[in-house]
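Text of work34.pdb, listed as PDB, C-alpha atoms and all ligand atoms:
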```
ATOM      1  CA  MET R   1       0.000   0.000   0.000
ATOM      2  CA  SER R   2       1.279   3.465  -0.902
ATOM      3  CA  LYS R   3       0.147   6.922   0.254
ATOM      4  CA  ALA R   4       1.126   8.567  -3.050
ATOM      5  CA  THR R   5      -2.023   9.398  -4.962
ATOM      6  CA  LYS R   6      -1.143  12.973  -5.849
ATOM      7  CA  PRO R   7      -1.137  13.978  -9.521
ATOM      8  CA  ASN R   8       2.183  13.620 -11.345
ATOM      9  CA  GLU R   9       3.719  11.472  -8.610
ATOM     10  CA  PRO R  10       4.423   7.732  -8.789
ATOM     11  CA  LEU R  11       1.319   5.759  -7.821
ATOM     12  CA  VAL R  12       3.558   3.143  -6.211
ATOM     13  CA  LYS R  13       7.247   3.193  -5.368
ATOM     14  CA  HIS R  14       7.904  -0.349  -4.110
ATOM     15  CA  ILE R  15       7.963  -1.785  -7.652
ATOM     16  CA  TYR R  16       8.650  -0.274 -11.081
ATOM     17  CA  THR R  17       5.539   0.005 -13.244
ATOM     18  CA  ALA R  18       4.754   1.251 -16.761
ATOM     19  CA  ASP R  19       2.132   1.335 -19.523
ATOM     20  CA  PRO R  20      -0.903   2.003 -17.273
ATOM     21  CA  SER R  21      -4.282   0.954 -18.690
ATOM     22  CA  ALA R  22      -6.877   2.409 -16.324
ATOM     23  CA  HIS R  23     -10.566   1.484 -16.093
ATOM     24  CA  VAL R  24     -13.460   2.053 -13.713
ATOM     25  CA  PHE R  25     -14.689  -1.349 -12.566
ATOM     26  CA  GLU R  26     -17.119  -1.845  -9.672
ATOM     27  CA  GLY R  27     -16.909   1.885  -8.831
ATOM     28  CA  LYS R  28     -13.122   1.891  -8.332
ATOM     29  CA  ILE R  29     -10.194   2.720 -10.563
ATOM     30  CA  TYR R  30      -8.223  -0.348 -11.603
ATOM     31  CA  ILE R  31      -4.847   0.112 -13.261
ATOM     32  CA  TYR R  32      -3.288  -2.637 -15.367
ATOM     33  CA  PRO R  33       0.396  -1.743 -15.801
ATOM     34  CA  SER R  34       3.499  -3.516 -17.034
ATOM     35  CA  HIS R  35       5.820  -4.564 -14.209
ATOM     36  CA  ASP R  36       9.403  -3.465 -14.923
ATOM     37  CA  LEU R  37      12.120  -5.583 -13.367
ATOM     38  CA  ASP R  38      14.596  -3.869 -11.058
ATOM     39  CA  GLU R  39      17.597  -4.596 -13.267
ATOM     40  CA  VAL R  40      20.185  -2.569 -15.165
ATOM     41  CA  ARG R  41      20.125  -3.122 -18.945
ATOM     42  CA  ASP R  42      21.502  -1.186 -21.900
ATOM     43  CA  SER R  43      18.782   0.264 -24.155
ATOM     44  CA  ASN R  44      18.502  -0.680 -27.835
ATOM     45  CA  ASP R  45      15.918  -0.155 -30.608
ATOM     46  CA  ASN R  46      14.728  -3.752 -30.279
ATOM     47  CA  GLY R  47      13.467  -3.061 -26.758
ATOM     48  CA  ASP R  48      15.568  -5.834 -25.194
ATOM     49  CA  GLN R  49      15.757  -3.718 -22.041
ATOM     50  CA  TYR R  50      12.037  -4.312 -21.419
ATOM     51  CA  ASN R  51      12.474  -7.778 -20.012
ATOM     52  CA  MET R  52       9.301  -8.127 -17.982
ATOM     53  CA  GLU R  53       8.023 -11.430 -16.611
ATOM     54  CA  ASP R  54       4.743 -10.835 -14.795
ATOM     55  CA  TYR R  55       1.891  -8.450 -14.050
ATOM     56  CA  HIS R  56       0.469  -6.789 -10.951
ATOM     57  CA  VAL R  57      -2.889  -4.995 -10.698
ATOM     58  CA  LEU R  58      -3.183  -1.646  -8.880
ATOM     59  CA  SER R  59      -6.352   0.057  -7.673
ATOM     60  CA  LEU R  60      -7.588   3.315  -6.192
ATOM     61  CA  ASP R  61     -10.919   3.673  -4.414
ATOM     62  CA  ASP R  62     -10.722   7.311  -5.536
ATOM     63  CA  PHE R  63      -8.043   9.987  -5.811
ATOM     64  CA  GLU R  64      -8.036  10.630  -2.057
ATOM     65  CA  SER R  65      -7.247   6.986  -1.213
ATOM     66  CA  PRO R  66      -3.978   5.080  -1.157
ATOM     67  CA  CYS R  67      -3.006   2.973  -4.140
ATOM     68  CA  VAL R  68      -3.379  -0.763  -3.505
ATOM     69  CA  ASP R  69      -1.082  -3.324  -5.137
ATOM     70  CA  HIS R  70      -3.094  -6.536  -5.552
ATOM     71  CA  GLY R  71       0.118  -8.504  -6.120
ATOM     72  CA  GLN R  72       1.124 -10.767  -8.954
ATOM     73  CA  VAL R  73      -1.872 -11.682 -11.125
ATOM     74  CA  LEU R  74      -0.137 -13.513 -13.995
ATOM     75  CA  HIS R  75       3.404 -14.833 -14.543
ATOM     76  CA  MET R  76       4.903 -15.965 -17.830
ATOM     77  CA  LYS R  77       5.735 -19.378 -16.400
ATOM     78  CA  ASP R  78       1.979 -20.020 -16.309
ATOM     79  CA  VAL R  79       1.465 -19.170 -19.995
ATOM     80  CA  PRO R  80       2.533 -22.132 -22.194
ATOM     81  CA  TRP R  81       3.131 -20.135 -25.392
ATOM     82  CA  VAL R  82       5.231 -17.316 -23.862
ATOM     83  CA  LYS R  83       9.014 -17.177 -24.110
ATOM     84  CA  GLN R  84       9.715 -13.670 -22.793
ATOM     85  CA  GLN R  85       8.837  -9.964 -22.531
ATOM     86  CA  MET R  86       5.371  -9.454 -21.125
ATOM     87  CA  TRP R  87       4.700  -5.915 -22.346
ATOM     88  CA  ALA R  88       1.851  -3.413 -22.071
ATOM     89  CA  PRO R  89      -1.498  -5.032 -21.099
ATOM     90  CA  ASP R  90      -5.134  -3.988 -20.934
ATOM     91  CA  ALA R  91      -8.330  -5.348 -19.371
ATOM     92  CA  ALA R  92     -12.049  -5.388 -20.156
ATOM     93  CA  PHE R  93     -15.317  -6.485 -18.529
ATOM     94  CA  LYS R  94     -17.988  -8.366 -20.434
ATOM     95  CA  ASN R  95     -20.083 -11.546 -20.005
ATOM     96  CA  ASN R  96     -19.829 -11.058 -16.233
ATOM     97  CA  GLN R  97     -16.092 -11.677 -16.242
ATOM     98  CA  TYR R  98     -12.822  -9.804 -16.563
ATOM     99  CA  TYR R  99     -10.489 -10.263 -19.510
ATOM    100  CA  PHE R 100      -6.795  -9.431 -19.352
ATOM    101  CA  TYR R 101      -4.995  -8.913 -22.682
ATOM    102  CA  PHE R 102      -1.200  -9.017 -22.847
ATOM    103  CA  PRO R 103       1.511  -9.098 -25.529
ATOM    104  CA  ALA R 104       4.587 -11.314 -25.256
ATOM    105  CA  ARG R 105       7.107 -13.042 -27.495
ATOM    106  CA  ASP R 106       6.194 -16.610 -28.384
ATOM    107  CA  LYS R 107       8.704 -19.470 -28.598
ATOM    108  CA  ASP R 108       9.775 -18.186 -32.055
ATOM    109  CA  ASP R 109      10.378 -14.687 -30.631
ATOM    110  CA  ILE R 110       7.357 -13.294 -32.473
ATOM    111  CA  PHE R 111       5.130 -10.945 -30.468
ATOM    112  CA  ARG R 112       1.584 -12.257 -30.043
ATOM    113  CA  ILE R 113      -1.353 -11.220 -27.880
ATOM    114  CA  GLY R 114      -2.768 -13.488 -25.205
ATOM    115  CA  VAL R 115      -5.875 -13.308 -23.057
ATOM    116  CA  ALA R 116      -6.556 -14.462 -19.508
ATOM    117  CA  THR R 117      -9.756 -14.384 -17.452
ATOM    118  CA  SER R 118     -10.869 -13.813 -13.883
ATOM    119  CA  PRO R 119     -14.169 -13.388 -12.028
ATOM    120  CA  THR R 120     -12.692 -10.293 -10.333
ATOM    121  CA  PRO R 121     -10.964  -7.157 -11.663
ATOM    122  CA  TYR R 122      -7.953  -7.825  -9.415
ATOM    123  CA  GLY R 123      -7.253 -11.365 -10.640
ATOM    124  CA  PRO R 124      -5.442 -13.681 -10.485
ATOM    125  CA  PHE R 125      -6.012 -14.266 -14.195
ATOM    126  CA  THR R 126      -6.136 -17.701 -15.832
ATOM    127  CA  PRO R 127      -4.543 -17.640 -19.290
ATOM    128  CA  GLN R 128      -5.808 -19.364 -22.398
ATOM    129  CA  LYS R 129      -3.365 -22.078 -23.484
ATOM    130  CA  ASP R 130      -2.456 -20.375 -26.759
ATOM    131  CA  TYR R 131      -2.320 -16.792 -28.011
ATOM    132  CA  ILE R 132      -5.290 -15.254 -29.836
ATOM    133  CA  PRO R 133      -5.247 -16.816 -33.329
ATOM    134  CA  GLY R 134      -4.158 -14.255 -35.922
ATOM    135  CA  SER R 135      -2.765 -11.873 -33.277
ATOM    136  CA  PHE R 136       0.602 -10.143 -33.658
ATOM    137  CA  SER R 137       2.667  -7.187 -32.415
ATOM    138  CA  ILE R 138       2.079  -5.422 -29.079
ATOM    139  CA  ASP R 139       0.087  -3.033 -26.902
ATOM    140  CA  PRO R 140      -3.504  -4.322 -26.960
ATOM    141  CA  ALA R 141      -6.191  -1.828 -25.913
ATOM    142  CA  VAL R 142      -9.799  -2.975 -25.732
ATOM    143  CA  PHE R 143     -12.721  -0.591 -26.147
ATOM    144  CA  ILE R 144     -16.348  -1.608 -25.603
ATOM    145  CA  ASP R 145     -18.745   0.649 -27.459
ATOM    146  CA  ASP R 146     -22.218   1.777 -26.350
ATOM    147  CA  ASP R 147     -23.747  -1.001 -28.507
ATOM    148  CA  ASN R 148     -21.676  -3.550 -26.517
ATOM    149  CA  LYS R 149     -19.399  -4.374 -29.465
ATOM    150  CA  ALA R 150     -15.791  -4.860 -28.310
ATOM    151  CA  TYR R 151     -12.806  -3.759 -30.385
ATOM    152  CA  ILE R 152      -9.136  -4.511 -29.847
ATOM    153  CA  TYR R 153      -6.527  -1.984 -31.028
ATOM    154  CA  PHE R 154      -2.870  -2.977 -31.157
ATOM    155  CA  GLY R 155       0.514  -2.577 -32.827
ATOM    156  CA  GLY R 156       3.926  -1.069 -32.222
ATOM    157  CA  LEU R 157       6.980  -0.400 -34.395
ATOM    158  CA  TRP R 158      10.613  -1.511 -33.915
ATOM    159  CA  GLY R 159      10.755  -3.892 -30.918
ATOM    160  CA  GLY R 160       6.998  -4.314 -31.306
ATOM    161  CA  GLN R 161       7.504  -5.751 -34.822
ATOM    162  CA  LEU R 162       4.502  -4.059 -36.520
ATOM    163  CA  GLU R 163       6.548  -3.278 -39.659
ATOM    164  CA  LYS R 164       7.189  -7.010 -40.084
ATOM    165  CA  TRP R 165       3.469  -7.667 -40.746
ATOM    166  CA  LYS R 166       2.965  -5.464 -43.823
ATOM    167  CA  THR R 167       1.790  -8.375 -45.970
ATOM    168  CA  GLY R 168      -0.273 -10.032 -43.240
ATOM    169  CA  LYS R 169       2.487 -12.615 -42.738
ATOM    170  CA  PHE R 170       5.557 -12.265 -40.518
ATOM    171  CA  ASP R 171       8.520 -11.022 -42.558
ATOM    172  CA  PRO R 172      11.691 -10.847 -40.415
ATOM    173  CA  ASP R 173      13.166  -8.354 -42.911
ATOM    174  CA  GLY R 174      10.135  -6.036 -42.966
ATOM    175  CA  GLY R 175      10.925  -2.354 -42.388
ATOM    176  CA  GLU R 176       9.139   0.989 -42.105
ATOM    177  CA  PRO R 177       7.800   2.651 -45.270
ATOM    178  CA  PRO R 178       9.918   5.311 -47.052
ATOM    179  CA  LYS R 179       9.529   8.714 -45.366
ATOM    180  CA  ASN R 180       7.253  10.114 -48.121
ATOM    181  CA  GLU R 181       4.773   7.230 -47.961
ATOM    182  CA  PRO R 182       1.880   6.817 -45.510
ATOM    183  CA  ALA R 183       3.003   5.679 -42.067
ATOM    184  CA  PHE R 184       1.875   2.302 -40.806
ATOM    185  CA  GLY R 185      -1.277   2.556 -38.708
ATOM    186  CA  PRO R 186      -2.335   0.538 -35.675
ATOM    187  CA  ARG R 187      -4.599  -2.445 -36.260
ATOM    188  CA  VAL R 188      -8.190  -2.910 -35.090
ATOM    189  CA  ALA R 189     -10.439  -5.960 -34.991
ATOM    190  CA  GLU R 190     -13.826  -6.544 -33.476
ATOM    191  CA  LEU R 191     -13.633  -9.200 -30.774
ATOM    192  CA  SER R 192     -15.917 -12.248 -30.784
ATOM    193  CA  ASP R 193     -18.734 -12.311 -28.256
ATOM    194  CA  ASP R 194     -16.661 -14.572 -25.955
ATOM    195  CA  MET R 195     -13.839 -11.961 -26.036
ATOM    196  CA  LEU R 196     -11.255 -14.701 -26.635
ATOM    197  CA  THR R 197     -10.798 -14.491 -30.411
ATOM    198  CA  PHE R 198     -10.901 -11.951 -33.240
ATOM    199  CA  LYS R 199     -14.252 -11.866 -35.012
ATOM    200  CA  GLU R 200     -12.533 -10.669 -38.200
ATOM    201  CA  THR R 201      -9.124 -10.166 -39.767
ATOM    202  CA  PRO R 202      -7.524  -7.094 -38.180
ATOM    203  CA  GLN R 203      -7.544  -4.038 -40.413
ATOM    204  CA  GLU R 204      -5.073  -1.169 -40.557
ATOM    205  CA  ILE R 205      -6.317   2.176 -39.253
ATOM    206  CA  SER R 206      -5.753   5.210 -41.429
ATOM    207  CA  ILE R 207      -4.662   8.447 -39.706
ATOM    208  CA  VAL R 208      -4.977  11.552 -41.883
ATOM    209  CA  ASP R 209      -4.454  15.299 -41.544
ATOM    210  CA  GLU R 210      -7.252  17.924 -41.658
ATOM    211  CA  GLU R 211      -7.133  17.853 -45.501
ATOM    212  CA  GLY R 212      -7.561  14.084 -45.590
ATOM    213  CA  ASN R 213      -3.955  13.350 -46.571
ATOM    214  CA  PRO R 214      -2.349  10.357 -44.819
ATOM    215  CA  ILE R 215       0.179  11.162 -42.101
ATOM    216  CA  LEU R 216       3.522  10.190 -43.663
ATOM    217  CA  ALA R 217       6.164   7.872 -42.250
ATOM    218  CA  GLY R 218       8.668  10.760 -42.136
ATOM    219  CA  ASP R 219       6.312  12.916 -40.052
ATOM    220  CA  GLU R 220       7.680  11.620 -36.754
ATOM    221  CA  ASP R 221       5.901  14.280 -34.685
ATOM    222  CA  ARG R 222       2.518  12.855 -35.737
ATOM    223  CA  ARG R 223       2.933   9.340 -37.122
ATOM    224  CA  TYR R 224       1.746   6.284 -35.202
ATOM    225  CA  PHE R 225       4.427   4.387 -33.268
ATOM    226  CA  GLU R 226       2.834   2.346 -30.425
ATOM    227  CA  GLY R 227       0.520   2.376 -27.404
ATOM    228  CA  PRO R 228      -2.979   2.938 -28.891
ATOM    229  CA  TRP R 229      -5.891   3.939 -26.663
ATOM    230  CA  LEU R 230      -9.498   4.506 -27.658
ATOM    231  CA  HIS R 231     -12.077   6.525 -25.769
ATOM    232  CA  LYS R 232     -15.307   8.232 -26.712
ATOM    233  CA  HIS R 233     -16.302  11.823 -25.952
ATOM    234  CA  ASN R 234     -19.366  13.735 -27.209
ATOM    235  CA  GLY R 235     -20.033  11.188 -29.977
ATOM    236  CA  TYR R 236     -16.448  11.141 -31.330
ATOM    237  CA  TYR R 237     -13.968   8.294 -31.074
ATOM    238  CA  TYR R 238     -10.565   9.510 -29.900
ATOM    239  CA  LEU R 239      -7.559   7.396 -30.892
ATOM    240  CA  SER R 240      -4.487   8.421 -28.905
ATOM    241  CA  TYR R 241      -0.998   6.962 -29.233
ATOM    242  CA  SER R 242       2.733   7.462 -28.800
ATOM    243  CA  THR R 243       4.846   8.914 -31.616
ATOM    244  CA  GLY R 244       7.827   6.922 -30.304
ATOM    245  CA  SER R 245      10.982   8.571 -31.610
ATOM    246  CA  THR R 246       9.624  12.087 -30.873
ATOM    247  CA  HIS R 247       8.088  11.015 -27.526
ATOM    248  CA  TYR R 248       4.649  12.662 -27.758
ATOM    249  CA  ILE R 249       1.233  11.302 -26.844
ATOM    250  CA  VAL R 250      -1.037  12.621 -29.612
ATOM    251  CA  TYR R 251      -4.619  12.034 -30.731
ATOM    252  CA  ALA R 252      -6.873  11.836 -33.755
ATOM    253  CA  ILE R 253     -10.678  11.666 -33.920
ATOM    254  CA  SER R 254     -13.323   9.900 -35.982
ATOM    255  CA  LYS R 255     -17.051   9.266 -36.158
ATOM    256  CA  SER R 256     -16.288   5.520 -36.510
ATOM    257  CA  PRO R 257     -14.340   3.202 -34.149
ATOM    258  CA  LYS R 258     -12.355   1.994 -37.165
ATOM    259  CA  GLY R 259     -11.535   5.417 -38.582
ATOM    260  CA  PRO R 260     -10.209   7.014 -40.648
ATOM    261  CA  PHE R 261      -9.034   9.235 -37.789
ATOM    262  CA  VAL R 262      -8.165  12.903 -38.294
ATOM    263  CA  TYR R 263      -5.045  14.059 -36.450
ATOM    264  CA  LYS R 264      -5.859  16.787 -33.912
ATOM    265  CA  GLY R 265      -2.914  17.477 -31.631
ATOM    266  CA  ARG R 266      -0.737  16.656 -28.640
ATOM    267  CA  ILE R 267      -1.971  15.383 -25.305
ATOM    268  CA  LEU R 268       1.308  14.900 -23.433
ATOM    269  CA  ASN R 269       4.736  16.430 -23.964
ATOM    270  CA  PRO R 270       7.807  14.169 -23.612
ATOM    271  CA  VAL R 271       8.448  12.548 -20.248
ATOM    272  CA  ILE R 272      11.701  11.443 -18.628
ATOM    273  CA  GLY R 273      12.742   8.176 -20.320
ATOM    274  CA  TRP R 274      12.442   6.976 -23.933
ATOM    275  CA  THR R 275       8.955   5.471 -23.908
ATOM    276  CA  THR R 276       5.687   7.255 -23.300
ATOM    277  CA  HIS R 277       2.469   5.287 -22.863
ATOM    278  CA  HIS R 278      -0.925   6.274 -21.532
ATOM    279  CA  SER R 279      -4.617   5.638 -21.015
ATOM    280  CA  ILE R 280      -7.580   7.983 -20.588
ATOM    281  CA  LEU R 281     -10.350   7.508 -18.060
ATOM    282  CA  LYS R 282     -13.506   9.291 -16.920
ATOM    283  CA  PHE R 283     -14.138   9.089 -13.163
ATOM    284  CA  LYS R 284     -16.927  11.004 -11.419
ATOM    285  CA  ASP R 285     -17.371  13.525 -14.282
ATOM    286  CA  LYS R 286     -13.690  14.390 -14.661
ATOM    287  CA  TRP R 287     -11.207  13.034 -17.173
ATOM    288  CA  TYR R 288      -7.767  11.725 -16.274
ATOM    289  CA  LEU R 289      -4.610  10.764 -18.125
ATOM    290  CA  PHE R 290      -2.625   7.845 -16.756
ATOM    291  CA  TYR R 291       0.969   7.789 -18.003
ATOM    292  CA  HIS R 292       4.461   6.793 -16.989
ATOM    293  CA  ASP R 293       7.950   8.206 -16.831
ATOM    294  CA  SER R 294      11.351   7.067 -15.584
ATOM    295  CA  SER R 295      11.665   9.601 -12.761
ATOM    296  CA  LEU R 296      11.579   7.006  -9.958
ATOM    297  CA  SER R 297      14.785   5.365 -11.218
ATOM    298  CA  GLY R 298      16.503   8.641 -12.091
ATOM    299  CA  GLY R 299      15.910   8.179 -15.825
ATOM    300  CA  ALA R 300      16.477   4.470 -16.570
ATOM    301  CA  ASP R 301      14.429   3.612 -19.688
ATOM    302  CA  ASN R 302      13.417   0.203 -18.333
ATOM    303  CA  ARG R 303      12.572   1.195 -14.746
ATOM    304  CA  ARG R 304       9.467   3.344 -14.949
ATOM    305  CA  CYS R 305       6.619   4.486 -12.697
ATOM    306  CA  VAL R 306       2.944   5.089 -13.435
ATOM    307  CA  LYS R 307       1.297   8.431 -12.639
ATOM    308  CA  TYR R 308      -1.916  10.280 -13.361
ATOM    309  CA  THR R 309      -3.014  13.840 -13.992
ATOM    310  CA  GLU R 310      -6.262  15.568 -14.934
ATOM    311  CA  LEU R 311      -7.055  15.862 -18.641
ATOM    312  CA  LYS R 312      -9.118  18.823 -19.886
ATOM    313  CA  TYR R 313     -11.130  19.353 -23.053
ATOM    314  CA  ASN R 314     -11.715  22.680 -24.722
ATOM    315  CA  ASP R 315     -15.316  23.544 -25.677
ATOM    316  CA  ASP R 316     -14.669  22.444 -29.278
ATOM    317  CA  GLY R 317     -13.684  18.937 -28.163
ATOM    318  CA  THR R 318      -9.936  19.397 -28.554
ATOM    319  CA  ILE R 319      -7.713  18.305 -25.668
ATOM    320  CA  GLN R 320      -5.423  20.689 -23.785
ATOM    321  CA  THR R 321      -1.757  19.669 -24.055
ATOM    322  CA  ILE R 322      -0.276  18.552 -20.750
ATOM    323  CA  ASP R 323       3.254  19.363 -19.683
ATOM    324  CA  PRO R 324       4.088  16.688 -17.116
ATOM    325  CA  TYR R 325       6.562  18.814 -15.161
ATOM    326  CA  LYS R 326       4.826  22.244 -14.898
TER     327      LYS R 326
HETATM  328  O1  LIG D   1       6.764  -1.608 -21.725
HETATM  329  C1  LIG D   1       7.266  -2.192 -22.906
HETATM  330  C2  LIG D   1       6.906  -1.356 -24.090
HETATM  331  O2  LIG D   1       7.419  -0.043 -23.922
HETATM  332  C3  LIG D   1       5.427  -1.147 -24.294
HETATM  333  O3  LIG D   1       4.774  -2.257 -24.822
HETATM  334  C4  LIG D   1       5.475   0.046 -25.166
HETATM  335  O4  LIG D   1       4.251   0.688 -25.342
HETATM  336  C5  LIG D   1       6.499   0.902 -24.446
HETATM  337  O5  LIG D   1       5.928   1.611 -23.381
END
```

Turn this file's structure into structure tokens for me.
Ligand code: FUB
Amino acid sequence: MSKATKPNEPLVKHIYTADPSAHVFEGKIYIYPSHDLDEVRDSNDNGDQYNMEDYHVLSLDDFESPCVDHGQVLHMKDVPWVKQQMWAPDAAFKNNQYYFYFPARDKDDIFRIGVATSPTPYGPFTPQKDYIPGSFSIDPAVFIDDDNKAYIYFGGLWGGQLEKWKTGKFDPDGGEPPKNEPAFGPRVAELSDDMLTFKETPQEISIVDEEGNPILAGDEDRRYFEGPWLHKHNGYYYLSYSTGSTHYIVYAISKSPKGPFVYKGRILNPVIGWTTHHSILKFKDKWYLFYHDSSLSGGADNRRCVKYTELKYNDDGTIQTIDPYK
């Protein structure tokens, strides 16, 4: 248990945490983060420094209460198909049960997405024996729409291998598009009613500028890199994501959960550490951004801490840019 629930401070300090996916379940805020190991590793573009093995679940009764660590809820030794690197997860509630989605490298070192279930939001979670058929890459985020349809968004470049799936099959030599061609988009698929499989082949999301032109691969301030999140506000779907190499959290909006999404602006300026990863949550009529940085470890890329801060909309539906250190 930690007393730190103030904005822009680590939610917990006794373990390193990252990639917070926050949801309101049963009237409380549940946070599903990655669990960074307390180890020193050199950083590289393949993400070998993110060597995580298990997951914890955190919760807050509200923002005046201490953050509770519910302990280990899933370990890779209990997932038959996983070899290593349990990266950014998410969770969803449907069919009277909780679903926990997580990416990891399979025995061939290819990132896949698995799912585990629990009757409670705080686990422990029981994994399916194999990964979701047809799944690939990283950073699953599940959004359940007002009509009860569930969608999974996923994908991340470089260590997350998204560029190796251009043809729909894994190509170990696959690379990013030339700088003057459209950037790769995240993928989306509707989930089956049982939430355990894709109902359809994942499709690539198109992100365009205000004139309808695709955001280009060389436009690193705006192009998709990893960490998708989907929320709905005033009838619009907001797709937010990390730009990776330029370290912004940005967003684009659409009238459809599958896009195309029109780029709108920045949500979060760069944080301490290479990665930036977030989720957006409404709790008691206010909106919040959950994010991470590497401040708790003094800047180590692979030892991060999750935080939150309030997120504010302008009257026209645009989001005010947050500077995490002002
Ligand atoms: O935590 C490992 C990876 O770093 C995540 O999957 C990415 O989104 C980045 O935060």

Quick one: residues within 8 Å of segment 249-258 of chain R, only C-alpha atoms, excluding same-chain residues fewer than 3 positions away - as a ChimeraX atom specification? /R:188,205,207,222,235-243,261-270,276-278

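Picked out by the PyMOL selection byres (((chain R and resi 79) around 10) and not hetatm) when it runs on this file: Leu74, His75, Met76, Lys77, Asp78, Pro80, Trp81, Val82, Lys83, Ala104, Asp106, Gly114, Val115, Ala116, Thr126, Pro127, Gln128, Lys129, Asp130 and Tyr131 of chain R.
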
On this structure, the PyMOL selection byres (((chain R and resi 63-69) around 12) and not hetatm) would catch which residues? List them as a ChimeraX atom specification, sorted by chain and number. /R:1-7,9-17,28-33,35,55-62,70-73,122-123,283-284,286,288,306-310

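The gap separating atom CA of Ser295 of chain R from atom C5 of ligand LIG 1 (chain D) is 15.5 Å, in Å to one decimal.
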
Nearest to ligand LIG 1 (chain D) among R:Val24, R:Cys305, R:Ile138, R:Ile110, with distances taken over only C-alpha atoms and all ligand atoms: which residue is it? R:Ile138

What gap, in Å, lies between atom CA of Ser21 of chain R and atom CA of Phe290 of chain R? 7.3 Å

Selection as a ChimeraX atom specification: residues within 6 Å of ligand LIG 1 (chain D) by all atoms listed in the file: /R:19,50,87-88,138-139,226-227,275-277

If the PyMOL selection byres (((chain R and resi 219) around 10) and not hetatm) is run on the structure shown, which residues does it catch, given as an MDAnalysis selection string? chainID R and resid 179:183 215:218 220:224 243 246

Tell me, as a count of residues only, which residues lie within 6 Å of segment 162-166 of chain R, counting all atoms listed in the file; anything in the same chain fewer than 6 positions away does not count. 7

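When all atoms listed in the file are used to measure the gap to Ile144 of chain R, the shortest distance among R:His233, R:Lys282, R:Lys94, R:Lys312 belongs to R:Lys94.
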
Of the candidates R:Pro89, R:Glu204, R:Tyr291, R:Glu211, which shows the shortest atom-to-atom distance to Asp323 of chain R, using all atoms listed in the file?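 Under the stated criterion, the closest residue is R:Tyr291.
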
For segment 157-175 of chain R, I'd like the enclosing box, axis-aligned and padded by 8 Å on every side, reported as JSON with centre and edge lengths in Å to one decimal.
```
{"center_x": 6.4, "center_y": -6.5, "center_z": -38.4, "size_x": 29.4, "size_y": 28.2, "size_z": 31.1}
```

Reconstruct N, CA and C atoms of segment 150-163 of chain R from the incomplete input and present them as an mmCIF file, keeping the file's coordinate frame.
```
data_model
loop_
_atom_site.group_PDB
_atom_site.id
_atom_site.type_symbol
_atom_site.label_atom_id
_atom_site.label_comp_id
_atom_site.auth_asym_id
_atom_site.auth_seq_id
_atom_site.Cartn_x
_atom_site.Cartn_y
_atom_site.Cartn_z
ATOM 1 N N ALA R 150 -17.141 -5.064 -28.866
ATOM 2 C CA ALA R 150 -15.791 -4.860 -28.310
ATOM 3 C C ALA R 150 -14.774 -4.840 -29.444
ATOM 4 N N TYR R 151 -13.855 -3.898 -29.374
ATOM 5 C CA TYR R 151 -12.806 -3.759 -30.385
ATOM 6 C C TYR R 151 -11.447 -3.829 -29.705
ATOM 7 N N ILE R 152 -10.508 -4.494 -30.354
ATOM 8 C CA ILE R 152 -9.136 -4.511 -29.847
ATOM 9 C C ILE R 152 -8.249 -3.732 -30.817
ATOM 10 N N TYR R 153 -7.487 -2.801 -30.262
ATOM 11 C CA TYR R 153 -6.527 -1.984 -31.028
ATOM 12 C C TYR R 153 -5.141 -2.450 -30.607
ATOM 13 N N PHE R 154 -4.210 -2.516 -31.524
ATOM 14 C CA PHE R 154 -2.870 -2.977 -31.157
ATOM 15 C C PHE R 154 -1.847 -2.573 -32.212
ATOM 16 N N GLY R 155 -0.572 -2.792 -31.876
ATOM 17 C CA GLY R 155 0.514 -2.577 -32.827
ATOM 18 C C GLY R 155 1.561 -1.620 -32.312
ATOM 19 N N GLY R 156 2.822 -1.949 -32.591
ATOM 20 C CA GLY R 156 3.926 -1.069 -32.222
ATOM 21 C C GLY R 156 5.129 -1.346 -33.106
ATOM 22 N N LEU R 157 5.830 -0.275 -33.499
ATOM 23 C CA LEU R 157 6.980 -0.400 -34.395
ATOM 24 C C LEU R 157 8.228 -0.849 -33.635
ATOM 25 N N TRP R 158 9.290 -1.136 -34.410
ATOM 26 C CA TRP R 158 10.613 -1.511 -33.915
ATOM 27 C C TRP R 158 10.531 -2.784 -33.073
ATOM 28 N N GLY R 159 10.815 -2.687 -31.761
ATOM 29 C CA GLY R 159 10.755 -3.892 -30.918
ATOM 30 C C GLY R 159 9.397 -4.560 -30.970
ATOM 31 N N GLY R 160 8.364 -3.784 -31.246
ATOM 32 C CA GLY R 160 6.998 -4.314 -31.306
ATOM 33 C C GLY R 160 6.642 -4.997 -32.609
ATOM 34 N N GLN R 161 7.560 -4.930 -33.601
ATOM 35 C CA GLN R 161 7.504 -5.751 -34.822
ATOM 36 C C GLN R 161 6.367 -5.423 -35.804
ATOM 37 N N LEU R 162 5.651 -4.313 -35.625
ATOM 38 C CA LEU R 162 4.502 -4.059 -36.520
ATOM 39 C C LEU R 162 4.923 -3.998 -37.992
ATOM 40 N N GLU R 163 6.115 -3.428 -38.262
ATOM 41 C CA GLU R 163 6.548 -3.278 -39.659
ATOM 42 C C GLU R 163 6.852 -4.620 -40.324
#
```
